[in-house]
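**Student:** Mind having a look at this structure? Questions to follow.
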Amino acid sequence: MELHSLGRTGMKVSPLCLGAMMFGAWGNTDHDDSIRIIHRALDAGINFIDTADVYSQGESEIIVGKALSSIDRSQVVLATKVHGNMGSDPNAQGNSRRWIIAECEHSLRAWALTISTFTRSTAQTSRWTSMKRSAP
């Protein structure tokens, strides 16, 4: 797949971006199936994944983290959003500097924890290989 410049960032992204909004409680609750979808998109040349903290209250980010645990993360451009309301705290939403930094840190911790936990609990190489072979 031909890659395109992402603005002036210096990054190259696929013209298609995989949206992860429907991974988790809002859509597909089967984590393994969602991971297969992500891997199929990556196999097809998509290197751009979009998620948000509010998607299934963070479950989407956990699923994306699991999917990326078995691949070279440097090959994927991961986008997340932070505006949505994440609880009863009036400051747990919006576009304030405080909230953007807090949610970016939360997302990074969630991905790192998910990747670390998932890697320890699974034989990733064989799992990735079998997922690639068994995908329809």
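Convention: chains lettered A, B, ... in structure tokens order; per-chain residue numbering from 1; ligands numbered from 1 as shown.
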Can you list, as a PyMOL selection string, every protein, DNA or RNA residue that comes within 12 Å of Ile100 (chain A) when you count only C-alpha atoms, leaving out same-chain residues fewer than 3 positions away?
**Tutor:** chain A and resi 52-53+80-84+91-97+103-107
**Student:** So that I can see what lies close to Cys17 (chain A), please list as a list in words the residues with an atom at most 7 Å from it, counting only C-alpha atoms and leaving out residues fewer than 5 positions away in the same chain.
**Tutor:**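 Once the nearby chain positions are removed, what remains is Ile46, Phe48, Ile49 and Asp50 of chain A.
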**Student:** For the strand (DSSP E) assignment from backbone DSSP, which residues of chain A qualify? Please present them as a ChimeraX atom specification.
**Tutor:** /A:4-5,12-13,18-19,48-50,77-79
**Student:** Write out as JSON lines a residue-level contact list of region 50-120 of chain A versus region 21-34 of chain A with cut-off 7 Å: for each qualifying residue the closest pair of atoms and the distance in Å to one decimal, counting only C-alpha atoms, rows sorted by chain and residue number upward.
**Tutor:**
{"residue": "A:Thr51", "atom": "CA", "partner": "A:Met21", "partner_atom": "CA", "distance": 6.1}
{"residue": "A:Tyr55", "atom": "CA", "partner": "A:Met21", "partner_atom": "CA", "distance": 5.4}
{"residue": "A:Ser56", "atom": "CA", "partner": "A:Ala25", "partner_atom": "CA", "distance": 5.3}
{"residue": "A:Glu59", "atom": "CA", "partner": "A:Gly24", "partner_atom": "CA", "distance": 5.5}
{"residue": "A:Ser60", "atom": "CA", "partner": "A:Phe23", "partner_atom": "CA", "distance": 5.1}
{"residue": "A:Ile63", "atom": "CA", "partner": "A:His31", "partner_atom": "CA", "distance": 6.1}
**Student:** Counting only C-alpha atoms, which of A:Met1, A:Leu18, A:Met86, A:Leu6 gets nearest to Val64 (chain A)?
**Tutor:**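 For Val64 (chain A), the nearest of the given residues is A:Leu18.
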